[in-house]
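Student: Below is a structure I'd like to ask you about.
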There are 4 protein chains.
Amino acid sequence: MAANSFGILYRLTTFGESHGPAIGGVIDGCPAGVTLDFEAIQKDLDRRKPGQSAIVTQRKEPDEVEFLSGIFEGKTTGTPIGFCIRNTNQKSQDYSHIKQQYRPSHADYVYDEKYGFRDYRGGGRSSARETASRVVAGAIAKQFLNPITIQAYVSAVGSLQLEKSPDQLDLSLAEQNIVRCPDPQLAVQMEEYIKQVRKEGDTVGGVVSCVIKNVPKGLGAPVFDKLHAVLGHAMLSINAVKGFEYGSGFEGIKMKGSEHNDLYHEDGTTLTNRSGGVQGGISNGMDIYFNVAFKPVATIMQKQEALTHEGELVEMQGKGRHDPCVVPRAVPIVEAMAALVLADFTLLKRADKL
Amino acid sequence: MAANSFGILYRLTTFGESHGPAIGGVIDGCPAGVTLDFEAIQKDLDRRKPGQSAIVTQRKEPDEVEFLSGIFEGKTTGTPIGFCIRNTNQKSQDYSHIKQQYRPSHADYVYDEKYGFRDYRGGGRSSARETASRVVAGAIAKQFLNPITIQAYVSAVGSLQLEKSPDQLDLSLAEQNIVRCPDPQLAVQMEEYIKQVRKEGDTVGGVVSCVIKNVPKGLGAPVFDKLHAVLGHAMLSINAVKGFEYGSGFEGIKMKGSEHNDLYHEDGTTLTNRSGGVQGGISNGMDIYFNVAFKPVATIMQKQEALTHEGELVEMQGKGRHDPCVVPRAVPIVEAMAALVLADFTLLKRADKL
Amino acid sequence: MAANSFGILYRLTTFGESHGPAIGGVIDGCPAGVTLDFEAIQKDLDRRKPGQSAIVTQRKEPDEVEFLSGIFEGKTTGTPIGFCIRNTNQKSQDYSHIKQQYRPSHADYVYDEKYGFRDYRGGGRSSARETASRVVAGAIAKQFLNPITIQAYVSAVGSLQLEKSPDQLDLSLAEQNIVRCPDPQLAVQMEEYIKQVRKEGDTVGGVVSCVIKNVPKGLGAPVFDKLHAVLGHAMLSINAVKGFEYGSGFEGIKMKGSEHNDLYHEDGTTLTNRSGGVQGGISNGMDIYFNVAFKPVATIMQKQEALTHEGELVEMQGKGRHDPCVVPRAVPIVEAMAALVLADFTLLKRADKL
Amino acid sequence: MAANSFGILYRLTTFGESHGPAIGGVIDGCPAGVTLDFEAIQKDLDRRKPGQSAIVTQRKEPDEVEFLSGIFEGKTTGTPIGFCIRNTNQKSQDYSHIKQQYRPSHADYVYDEKYGFRDYRGGGRSSARETASRVVAGAIAKQFLNPITIQAYVSAVGSLQLEKSPDQLDLSLAEQNIVRCPDPQLAVQMEEYIKQVRKEGDTVGGVVSCVIKNVPKGLGAPVFDKLHAVLGHAMLSINAVKGFEYGSGFEGIKMKGSEHNDLYHEDGTTLTNRSGGVQGGISNGMDIYFNVAFKPVATIMQKQEALTHEGELVEMQGKGRHDPCVVPRAVPIVEAMAALVLADFTLLKRADKL
């Protein structure tokens with residue numbers, strides 16, 4: 001089924017498996033006249049790439065993007081931006097041992113069921129490597145969203161949880177440590193914990209939070225394409241995500257309406273922001289904030305039972321170079337998906353009124 | 001913007017405000033040859049309708065659906081099913097007092113910003129009355145999803161939370177009390193609590209959980225249209241929803257991979273089901289389960305400050321007949337949106353292989 | 001399959017068969033703030049309706065549209081405009097004689113093949129009655145397309161062909177005769193010819209031409225959604241249409257490039273307009289003009305052989321009240337479809353540049 | 001605007017300008033399990049490529065496609081097929097003389113209006129080079145359409161017109177001459193004529209006809225997505241196309257219903273085929289045939305007046321290597337677009353019935 005596009009007017013289509021010649025995509029609908037900052041695009045790719053620090057997978061992938069179209073003299077032309085990122089580090093032999101095996105909690109088993117067979121090399125299309133294409137498209141979107149800013153950060157690793165709300169944090173600190181947690185003390189603990197988990201050959205989950213500032217009023221639509229519903233779709237489409245909440249989220253259910261309602265200032269801003277910047281599916285100009293839950297990576301370096309194609313249970317052990325915890329690398333992906341959503345709604349908004 | 005459709009091959013388009021002549025919709029893509037059970041459709045509408053019990057809004061709306069097309073001799077013809085539900089109970093005067101006022105945590109303010117003006121009668125398009133159209137389309141979807149079954153129930157009201165997992169519950173008990181909680185004792189407490197909150201003129205949030213059984217393997221797609229991502233989109237598009245999680249959800253982040261992975265039985269089923277029936281975005285045949293968080297309704301019967309069009313803060317008090325807690329009536333809506341998603345993926349799946 | 005919508009940002013979804021309770025549609029994406037002229041909408045419906053003159057079908061259908069949503073105090077609200085037109089004149093018994101018969105050159109046969117069975121009453125979904133919904137949506141589109149004007153007219157009936165090009169005609173004369181041909185002498189001949197054909201129990205084809213003036217530059221897109229490609233799709237989707245050409249059309253193939261090219265004036269207008277107002281798929285500000293070929297209606301009042309469900313050939317004779325020539329009534333339908341296309345591209349254009 | 005995709009379930013997205021690094025595309029929705037014949041794909045590309053014969057442009061472009069994803073061990077995997085074709089022959093200096101000029105009947109002028117500026121190298125996105133990507137996607141579609149066969153051929157060059165209908169022709173002769181006309185005598189005349197036109201520095205138009213055989217019954221939809229409407233959209237989206245007709249086409253308007261109707265044989269086939277294999281928008285199993293009109297190429301080697309950005313008229317003369325007549329190279333493009341349409345409807349058909 002055709003399901004590799006995201007967005008209506010600013011639309012990304014991606015292609016590529018981790019172990020084919022390349023991954024890449026087409027950005028269709030980027031407005032003409034955006035002067036591109038190519039360093040900023042690469043910088044976001046570097047924030048996502050493997051091997052960037054001691055707590056992520058040690059695979060080496062340079063992740064250099066080649067733009068194939070849609071850009072002329074440094075500016076977008078309004079025509080589709082094709083791009084690809086070569087896979088320079090694929091080692092298909094790394095995966096030959098799982099050719100006949102369905103790894104627990106991976107997509108292996110369902111692929112065979114869905115398509116009749118599968119590309120068993122490194123997870124094929126389900127590899128999180130696909131998200132590099134999203135980072136490219138999101139980095140371009142960010143460049144015409146000005147003055148909107150999008151910042152994600154790690155707010156939980158296992159049970160280590162940041163208790164402060166976004167407005168109590170100095171978000172500029174997030175990128176100053178390899179965990180990408182804006183609380184420096186907690187970041188140290190998280191780093192230690194991730195290292196310990198890796199030593200055990202295990203993995204752990206976490207939460208990425210995101211804050212979007214300077215959002216114009218009126219983004220989103222009243223019914224199916226509520227701003228937060230499309231943001232939720234975007235986030236839940238990232239590998240390993242198990243949940244999404246915005247504003248008061250799951251905690252908000254315990255409150256009463258009289259406590260939860262955001263009363264107005266005279267200028268239309270609100271005293272509190274339990275709405276998370278979205279009311280009735282439409283942005284109200286307050287900061288948008290949301291949380292994204294990531295499960296622990298399924299590939300562990302411990303012995304586990306796998307299922308064979310023939311229905312036998314066999315002992316297997318993860319090999320290769322995997323992340324003990326994905327949230328540090330997921331931060332730019334969350335930002336990219338948020339940027340895609342906001343770019344699309346920004347363009348859609350132009351059609352709202354006569 | 002055109003954003004009132006949901007789905008690709010089984011697609012619902014809805015229209016209508018609470019205070020216009022009618023709400024309704026068009027179901028496009030329902031396969032030909034489905035023998036419709038009209039009583040089952042009305043039954044789901046009745047589960048959603050106001051006035052059904054002592055703990056929901058006491059508005060009287062019969063919510064009778066009139067089918068206008070797409071059905072011949074009791075069967076679907078493959079052509080679009082148009083339908084409408086007349087608004088028999090609108091009292092525009094009920095809302096005249098808020099014509100110039102933006103109610104806290106309602107969509108009033110953002111509508112004026114987005115569209116330049118608004119239909120101030122009862123929330124206009126943002127009224128949850130729109131969800132009756134979803135229930136119609138979902139009830140029809142359920143009728144060709146056999147043997148898939150979808151059951152939602154209330155698992156939390158405020159801090160009263162059902163601690164049991166779906167497989168520890170007798171879900172058939174859910175519809176035997178007006179709260180729609182399958183734990184009879186807890187249901188009584190929830191009912192008492194909702195009544196108390198209503199007496200205070202206040203409202204409270206809650207959680208609706210949903211279990212989908214007998215799901216074929218292979219529904220969903222690997223990247224943007226992961227089964228759980230589209231389910232998340234669907235649920236987050238329901239009025240008052242603040243969060244979505246599936247499988248291990250937000251709790252799963254605390255686990256290690258070695259604890260979280262679902263090991264296989266020889267038949268491809270799994271010992272545990274932290275994946276919630278979805279791996280890599282694709283159904284694996286195990287039960288799908290997820291939770292949907294609803295905030296407390298914004299309309300309360302206490303005095304609050306509202307903002308006027310002219311930027312003044314004025315005291316207002318909610319009038320009319322509103323729900324103290326939406327989750328009992330949200331149960332069939334959650335089911336309907338789940339049915340739309342599964343119907344669409346069921347049809348899309350037919351195009352997966354040669 | 002879901003294929004009853006047209007357009008991206010200004011999107012019409014229609015429903016309804018000729019012999020069900022109603023036909024209708026949903027217009028999604030109409031910008032907020034359009035003050036509607038309801039008389040103009042009804043006027044276009046009256047131009048399409050049966051029984052309007054001596055040369056069209058004598059069925060009586062008042063074709064009164066009821067708007068169900070999306071309009072408040074006479075203006076569009078930006079939310080979907082649901083509407084329906086009741087079928088007041090269906091006589092299912094008229095069609096009982098063809099229940100088991102596939103009429104030649106009708107959709108009867110393919111419906112049974114596609115859907116497994118069919119609604120045999122009056123062509124079901126294939127009835128041209130469906131186009132009334134398009135006229136409603138087109139009439140609304142016209143109201144925000146100002147200063148664009150769209151006028152269609154009859155340029156051929158059988159071999160009676162208008163030889164003049166659009167700029168040699170006074171198009172205001174078209175609506176002054178029942179054929180809708182702007183050449184009064186030819187209109188008389190056409191009228192006589194249609195009457196004669198009807199007496200024979202036969203039907204005849206024709207051409208509807210259309211001129212669109214005051215088109216802003218820049219509508220349309222360079223590749224798949226060329227302005228003329230989407231116009232062609234729109235026109236070919238009208239019942240009985242067999243061909244579409246724009247600008248120099250099929251005649252242009254005989255020309256040389258040196259003859260065909262439209263040279264510029266200094267202000268960007270062109271001396272000739274063989275491009276038909278569209279270059280490279282994008283409007284250049286000159287008049288858009290195109291022709292639409294309609295075949296003779298398949299239902300004739302003469303004896304013909306039909307095929308039964310069981311594979312027998314049986315003699316049948318058309319009954320009921322059918323058009324001897326569809327082009328006079330097709331004029332407002334062509335205009336409506338053109339208006340839908342231009343409305344959509346007008347909104348899409350807003351997203352072209354930064 | 002996002003308008004570089006075509007199709008719903010079998011969907012092609014293209015990117016690329018003639019003078020950027022590469023053109024290419026993404027085929028999303030190709031079913032899993034198609035064993036690809038790569039030679040057949042290259043063969044179709046060779047039929048489209050420049051320099052293939054004495055009557056087409058003498059540019060040298062090898063047009064070798066590199067597949068980047070979606071294929072594993074020679075078979076499609078069900079995931080998107082990304083591909084690119086490098087531009088090896090771009091000479092931007094060839095176009096420097098037109099940087100400030102709008103060529104007559106080119107898209108130059110409208111691009112500046114639409115996007116605010118343009119990529120002036122070789123027509124940018126409007127170059128027919130883009131169609132190579134369509135040929136790739138169409139060649140893959142052909143490989144799973146079996147037993148459907150699609151053959152296009154040249155039926156007119158200027159006033160030299162093939163008078164025979166498709167069933168009177170031996171279509172296997174079409175590829176045996178460089179014009180691609182199945183009538184060998186006429187092909188010689190056409191070839192001579194094209195050479196003469198080229199000597200004059202001029203160009204000429206023509207017609208490509210197409211026949212599709214072995215079509216299953218039931219492809220297409222009753223209203224907006226009639227099979228012939230989507231075919232028309234597809235054909236009109238090809239560069240230089242001015243018209244589309246199917247079955248009896250523009251000639252059919254002169255017939256009476258009693259002459260035009262296709263009477264049935266007892267097996268459901270028809271004695272005549274004026275319907276062109278499509279009734280009510282849905283295939284009836286008979287051959288589909290249609291004609292596509294191509295205007296003379298706008299770039300001529302004679303002096304003409306161009307308009308400058310500053311509004312001056314200046315003399316210009318076409319340079320470079322252009323086609324004197326596009327129809328011989330358009331034949332595989334018409335086939336490819338037809339294949340895309342049939343592939344999509346073939347997959348969509350699977351969702352028609354319960």
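To be explicit about the labels: the chains of the structure tokens are called A, B, and onward in the order shown, and within each one the residues are counted from 1, while ligands get numbers from 1 in the order they are shown.
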Residues of chain C within 6 Å of chain D, using only C-alpha atoms, as a PyMOL selection string?
Tutor: chain C and resi 1+3-4+104-105+107+110+113-115+126+158-159+202-206+218+222+224-226+229+233+236-237+242-246+249-250+252-254+256-257+261-263+266+279-280+284+293-298+311-312+351-353
Student: Please provide the set of residues having any atom within 6 Å of Ile23 in chain D, restricted to only C-alpha atoms, with same-chain residues fewer than 4 positions apart removed, written as a PyMOL selection string.
Tutor: chain D and resi 15-16+84-85
Student: Take the residues just selected and output them with N, CA and C atoms as a compact mmCIF listing (two decimals), in the first residue's frame.
Tutor:
# COMPACT_ATOMS: atom_id res chain seq x y z
N PHE D 15 10.65 13.86 -9.23
CA PHE D 15 11.40 15.09 -8.92
C PHE D 15 12.40 15.32 -10.04
N GLY D 16 12.93 16.50 -10.10
CA GLY D 16 14.06 16.73 -10.97
C GLY D 16 13.84 17.66 -12.14
N CYS D 84 16.80 7.02 -9.43
CA CYS D 84 17.21 8.27 -10.05
C CYS D 84 17.95 8.01 -11.35
N ILE D 85 17.91 9.02 -12.20
CA ILE D 85 18.60 9.01 -13.49
C ILE D 85 19.45 10.26 -13.52
Student: For the strand (DSSP E or B) assignment from backbone DSSP, which residues of range 36-149 of chain D qualify? Please present them as a PDB file with N, CA and C atoms, in the first residue's frame.
Tutor:
ATOM      1  N   VAL D  65      18.831   4.119 -15.356  1.00  0.00           N
ATOM      2  CA  VAL D  65      18.158   4.283 -14.082  1.00  0.00           C
ATOM      3  C   VAL D  65      18.903   3.509 -12.997  1.00  0.00           C
ATOM      4  N   GLU D  66      19.063   4.138 -11.858  1.00  0.00           N
ATOM      5  CA  GLU D  66      19.611   3.457 -10.686  1.00  0.00           C
ATOM      6  C   GLU D  66      18.487   3.285  -9.669  1.00  0.00           C
ATOM      7  N   PHE D  67      18.241   2.042  -9.290  1.00  0.00           N
ATOM      8  CA  PHE D  67      17.228   1.791  -8.273  1.00  0.00           C
ATOM      9  C   PHE D  67      17.878   1.866  -6.896  1.00  0.00           C
ATOM     10  N   ILE D  71      13.611  -3.107  -3.740  1.00  0.00           N
ATOM     11  CA  ILE D  71      13.823  -4.321  -4.532  1.00  0.00           C
ATOM     12  C   ILE D  71      14.837  -5.187  -3.788  1.00  0.00           C
ATOM     13  N   PHE D  72      14.549  -6.457  -3.667  1.00  0.00           N
ATOM     14  CA  PHE D  72      15.457  -7.347  -2.941  1.00  0.00           C
ATOM     15  C   PHE D  72      15.500  -8.679  -3.670  1.00  0.00           C
ATOM     16  N   LYS D  75      13.158  -8.916  -6.693  1.00  0.00           N
ATOM     17  CA  LYS D  75      11.711  -8.800  -6.552  1.00  0.00           C
ATOM     18  C   LYS D  75      11.349  -7.545  -5.770  1.00  0.00           C
ATOM     19  N   THR D  76      10.173  -7.016  -6.087  1.00  0.00           N
ATOM     20  CA  THR D  76       9.681  -5.892  -5.298  1.00  0.00           C
ATOM     21  C   THR D  76       9.318  -6.383  -3.898  1.00  0.00           C
ATOM     22  N   ILE D  81       9.855   2.162  -4.079  1.00  0.00           N
ATOM     23  CA  ILE D  81      10.961   1.989  -5.015  1.00  0.00           C
ATOM     24  C   ILE D  81      11.476   3.378  -5.386  1.00  0.00           C
ATOM     25  N   GLY D  82      12.595   3.741  -4.774  1.00  0.00           N
ATOM     26  CA  GLY D  82      13.229   5.017  -5.125  1.00  0.00           C
ATOM     27  C   GLY D  82      14.187   4.788  -6.285  1.00  0.00           C
ATOM     28  N   PHE D  83      14.266   5.756  -7.178  1.00  0.00           N
ATOM     29  CA  PHE D  83      15.197   5.609  -8.303  1.00  0.00           C
ATOM     30  C   PHE D  83      15.641   6.976  -8.785  1.00  0.00           C
ATOM     31  N   CYS D  84      16.800   7.016  -9.427  1.00  0.00           N
ATOM     32  CA  CYS D  84      17.207   8.273 -10.052  1.00  0.00           C
ATOM     33  C   CYS D  84      17.945   8.014 -11.355  1.00  0.00           C
ATOM     34  N   ILE D  85      17.909   9.015 -12.202  1.00  0.00           N
ATOM     35  CA  ILE D  85      18.596   9.008 -13.494  1.00  0.00           C
ATOM     36  C   ILE D  85      19.449  10.263 -13.515  1.00  0.00           C
ATOM     37  N   ARG D  86      20.728  10.062 -13.584  1.00  0.00           N
ATOM     38  CA  ARG D  86      21.639  11.212 -13.556  1.00  0.00           C
ATOM     39  C   ARG D  86      21.517  12.040 -14.831  1.00  0.00           C
ATOM     40  N   GLN D 101      14.918  35.974 -20.916  1.00  0.00           N
ATOM     41  CA  GLN D 101      13.895  36.003 -21.954  1.00  0.00           C
ATOM     42  C   GLN D 101      12.794  34.969 -21.703  1.00  0.00           C
ATOM     43  N   TYR D 102      11.593  35.387 -22.000  1.00  0.00           N
ATOM     44  CA  TYR D 102      10.466  34.457 -21.992  1.00  0.00           C
ATOM     45  C   TYR D 102      10.230  34.013 -23.424  1.00  0.00           C
ATOM     46  N   THR D 149      -2.261  -5.788 -21.986  1.00  0.00           N
ATOM     47  CA  THR D 149      -1.168  -5.238 -22.802  1.00  0.00           C
ATOM     48  C   THR D 149      -1.543  -3.834 -23.246  1.00  0.00           C
TER      49      THR D 149
END
Student: One number please: CA of Lys99 in chain B to CA of Glu61 in chain B, in Å, one decimal.
Tutor: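 CA of Lys99 in chain B sits 23.2 Å away from CA of Glu61 in chain B.
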Student: Just want the 9 Å neighbourhood of Asp63 in chain B, counted on only C-alpha atoms, with same-chain residues fewer than 3 positions away dropped. Output as a list in words.
Tutor: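 In the requested format, the answer is Gln42, Leu45, Asp46, Lys49, Ile85, Arg86, Asn87, Thr88 and Ala132 of chain B.
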Student: Return the single residue from C:Val26, C:Ala152, C:Ala40, C:Val326 that is closest to Leu171 in chain C, with distances computed using only C-alpha atoms.
Tutor: C:Ala152
Student: Check range 94-238 of chain B with DSSP on the backbone and list each residue it calls alpha helix (DSSP H), as a PyMOL selection string.
Tutor: chain B and resi 108-115+131-142+184-199+227-236
Student: Mind writing the picked residues with N, CA and C atoms as a compact mmCIF listing (two decimals), in the first residue's frame?
Tutor:
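Once written, part-v8.txt looks like this:
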# COMPACT_ATOMS: atom_id res chain seq x y z
N ASP B 108 -13.69 28.84 21.07
CA ASP B 108 -14.29 30.12 20.63
C ASP B 108 -13.24 31.10 20.10
N TYR B 109 -12.23 31.29 20.93
CA TYR B 109 -11.23 32.31 20.62
C TYR B 109 -10.48 31.99 19.34
N VAL B 110 -10.05 30.74 19.18
CA VAL B 110 -9.25 30.38 18.00
C VAL B 110 -10.09 30.41 16.73
N TYR B 111 -11.40 30.17 16.85
CA TYR B 111 -12.25 30.25 15.65
C TYR B 111 -12.25 31.64 15.07
N ASP B 112 -12.46 32.59 15.94
CA ASP B 112 -12.46 33.97 15.46
C ASP B 112 -11.13 34.30 14.78
N GLU B 113 -10.06 33.81 15.35
CA GLU B 113 -8.73 34.08 14.77
C GLU B 113 -8.56 33.38 13.43
N LYS B 114 -9.07 32.16 13.36
CA LYS B 114 -8.83 31.35 12.16
C LYS B 114 -9.71 31.79 10.99
N TYR B 115 -10.98 31.99 11.27
CA TYR B 115 -11.94 32.19 10.18
C TYR B 115 -12.42 33.64 10.05
N THR B 131 -19.61 13.96 16.54
CA THR B 131 -19.17 12.57 16.68
C THR B 131 -20.29 11.56 16.42
N ALA B 132 -21.54 12.01 16.43
CA ALA B 132 -22.62 11.07 16.10
C ALA B 132 -22.43 10.54 14.68
N SER B 133 -21.95 11.38 13.78
CA SER B 133 -21.71 10.93 12.41
C SER B 133 -20.62 9.87 12.37
N ARG B 134 -19.64 10.02 13.24
CA ARG B 134 -18.58 9.01 13.29
C ARG B 134 -19.13 7.67 13.78
N VAL B 135 -20.05 7.76 14.73
CA VAL B 135 -20.62 6.53 15.27
C VAL B 135 -21.38 5.78 14.17
N VAL B 136 -22.10 6.51 13.32
CA VAL B 136 -22.81 5.85 12.22
C VAL B 136 -21.81 5.11 11.31
N ALA B 137 -20.77 5.82 10.92
CA ALA B 137 -19.80 5.23 9.99
C ALA B 137 -19.04 4.08 10.64
N GLY B 138 -18.78 4.21 11.92
CA GLY B 138 -18.09 3.14 12.63
C GLY B 138 -18.97 1.92 12.79
N ALA B 139 -20.25 2.14 13.04
CA ALA B 139 -21.18 1.02 13.21
C ALA B 139 -21.31 0.23 11.92
N ILE B 140 -21.25 0.92 10.79
CA ILE B 140 -21.29 0.20 9.51
C ILE B 140 -19.97 -0.53 9.28
N ALA B 141 -18.88 0.10 9.62
CA ALA B 141 -17.58 -0.57 9.47
C ALA B 141 -17.53 -1.86 10.28
N LYS B 142 -18.04 -1.80 11.51
CA LYS B 142 -18.03 -3.00 12.36
C LYS B 142 -18.70 -4.18 11.67
N PRO B 184 -17.68 -3.87 38.38
CA PRO B 184 -18.94 -3.35 38.95
C PRO B 184 -18.75 -2.51 40.20
N GLN B 185 -17.84 -2.93 41.07
CA GLN B 185 -17.64 -2.13 42.29
C GLN B 185 -17.10 -0.74 41.95
N LEU B 186 -16.09 -0.74 41.13
CA LEU B 186 -15.49 0.54 40.77
C LEU B 186 -16.51 1.41 40.04
N ALA B 187 -17.34 0.77 39.23
CA ALA B 187 -18.35 1.52 38.48
C ALA B 187 -19.26 2.30 39.42
N VAL B 188 -19.60 1.66 40.53
CA VAL B 188 -20.46 2.34 41.51
C VAL B 188 -19.76 3.57 42.08
N GLN B 189 -18.49 3.37 42.41
CA GLN B 189 -17.74 4.52 42.95
C GLN B 189 -17.62 5.63 41.92
N MET B 190 -17.37 5.25 40.68
CA MET B 190 -17.24 6.26 39.63
C MET B 190 -18.55 7.02 39.46
N GLU B 191 -19.65 6.28 39.50
CA GLU B 191 -20.94 6.92 39.33
C GLU B 191 -21.20 7.92 40.45
N GLU B 192 -20.88 7.49 41.67
CA GLU B 192 -21.06 8.40 42.81
C GLU B 192 -20.21 9.65 42.64
N TYR B 193 -18.99 9.42 42.22
CA TYR B 193 -18.07 10.54 42.08
C TYR B 193 -18.54 11.53 41.01
N ILE B 194 -19.00 11.00 39.91
CA ILE B 194 -19.48 11.89 38.84
C ILE B 194 -20.69 12.70 39.32
N LYS B 195 -21.56 12.05 40.07
CA LYS B 195 -22.74 12.78 40.58
C LYS B 195 -22.32 13.90 41.53
N GLN B 196 -21.33 13.59 42.35
CA GLN B 196 -20.85 14.59 43.30
C GLN B 196 -20.22 15.78 42.57
N VAL B 197 -19.42 15.46 41.55
CA VAL B 197 -18.78 16.51 40.78
C VAL B 197 -19.84 17.39 40.11
N ARG B 198 -20.88 16.75 39.60
CA ARG B 198 -21.93 17.53 38.96
C ARG B 198 -22.62 18.45 39.94
N LYS B 199 -22.83 17.94 41.15
CA LYS B 199 -23.45 18.80 42.16
C LYS B 199 -22.63 20.05 42.42
N LEU B 227 -0.07 1.28 12.07
CA LEU B 227 -1.43 1.04 12.57
C LEU B 227 -1.71 1.86 13.83
N HIS B 228 -0.75 1.86 14.74
CA HIS B 228 -0.99 2.60 15.99
C HIS B 228 -0.93 4.11 15.79
N ALA B 229 -0.21 4.57 14.76
CA ALA B 229 -0.15 6.01 14.50
C ALA B 229 -1.48 6.51 13.96
N VAL B 230 -2.10 5.71 13.11
CA VAL B 230 -3.40 6.12 12.57
C VAL B 230 -4.48 5.98 13.65
N LEU B 231 -4.37 4.93 14.47
CA LEU B 231 -5.28 4.83 15.62
C LEU B 231 -5.11 6.04 16.54
N GLY B 232 -3.89 6.44 16.76
CA GLY B 232 -3.63 7.60 17.61
C GLY B 232 -4.25 8.85 17.01
N HIS B 233 -4.04 9.04 15.72
CA HIS B 233 -4.64 10.18 15.03
C HIS B 233 -6.16 10.15 15.23
N ALA B 234 -6.74 8.98 15.01
CA ALA B 234 -8.20 8.84 15.14
C ALA B 234 -8.67 9.23 16.53
N MET B 235 -7.99 8.74 17.54
CA MET B 235 -8.44 8.99 18.92
C MET B 235 -8.21 10.44 19.32
N LEU B 236 -7.06 10.98 18.93
CA LEU B 236 -6.75 12.37 19.28
C LEU B 236 -7.67 13.35 18.55
Student: Distance CA of Asp170 in chain A-CA of Val208 in chain A, one decimal place?
Tutor: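 One can read the CA of Asp170 in chain A to CA of Val208 in chain A distance as 15.6 Å.
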Student: Find the distance between CA of Arg129 in chain A and CA of Pro332 in chain A and write it in Å to one decimal.
Tutor: 13.0 Å
Student: I want to know what sits within 7 Å of Gly78 in chain C, based on only C-alpha atoms, with residues of the same chain fewer than 6 positions away left out; could you give that as a JSON list (two decimals) with N, CA and C atoms, in the first residue's frame?
Tutor:
[["chain", "number", "residue", "atom", "x", "y", "z"],
["A", 352, "ASP", "N", -7.79, 29.51, 4.57],
["A", 352, "ASP", "CA", -8.92, 29.50, 5.51],
["A", 352, "ASP", "C", -9.98, 30.54, 5.21],
["B", 115, "TYR", "N", -10.98, 31.99, 11.27],
["B", 115, "TYR", "CA", -11.94, 32.19, 10.18],
["B", 115, "TYR", "C", -12.42, 33.64, 10.05],
["C", 29, "GLY", "N", -13.75, 22.88, 2.54],
["C", 29, "GLY", "CA", -12.66, 23.79, 2.20],
["C", 29, "GLY", "C", -13.09, 25.09, 1.58],
["C", 30, "CYS", "N", -14.38, 25.35, 1.52],
["C", 30, "CYS", "CA", -14.81, 26.67, 1.05],
["C", 30, "CYS", "C", -14.33, 27.70, 2.08],
["C", 31, "PRO", "N", -13.62, 28.73, 1.64],
["C", 31, "PRO", "CA", -13.09, 29.70, 2.61],
["C", 31, "PRO", "C", -14.21, 30.36, 3.41],
["C", 32, "ALA", "N", -13.90, 30.76, 4.61],
["C", 32, "ALA", "CA", -14.86, 31.47, 5.44],
["C", 32, "ALA", "C", -15.07, 32.87, 4.89],
["C", 70, "GLY", "N", -22.54, 24.73, 7.55],
["C", 70, "GLY", "CA", -21.43, 25.50, 6.97],
["C", 70, "GLY", "C", -21.77, 26.93, 6.61]]
Student: Have a look at B:Glu73, B:Asp44, B:Asp183, B:Asp28 and name the one nearest to Glu335 in chain B; count only C-alpha atoms.
Tutor: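 So, comparing all the options, the nearest one is B:Asp44.
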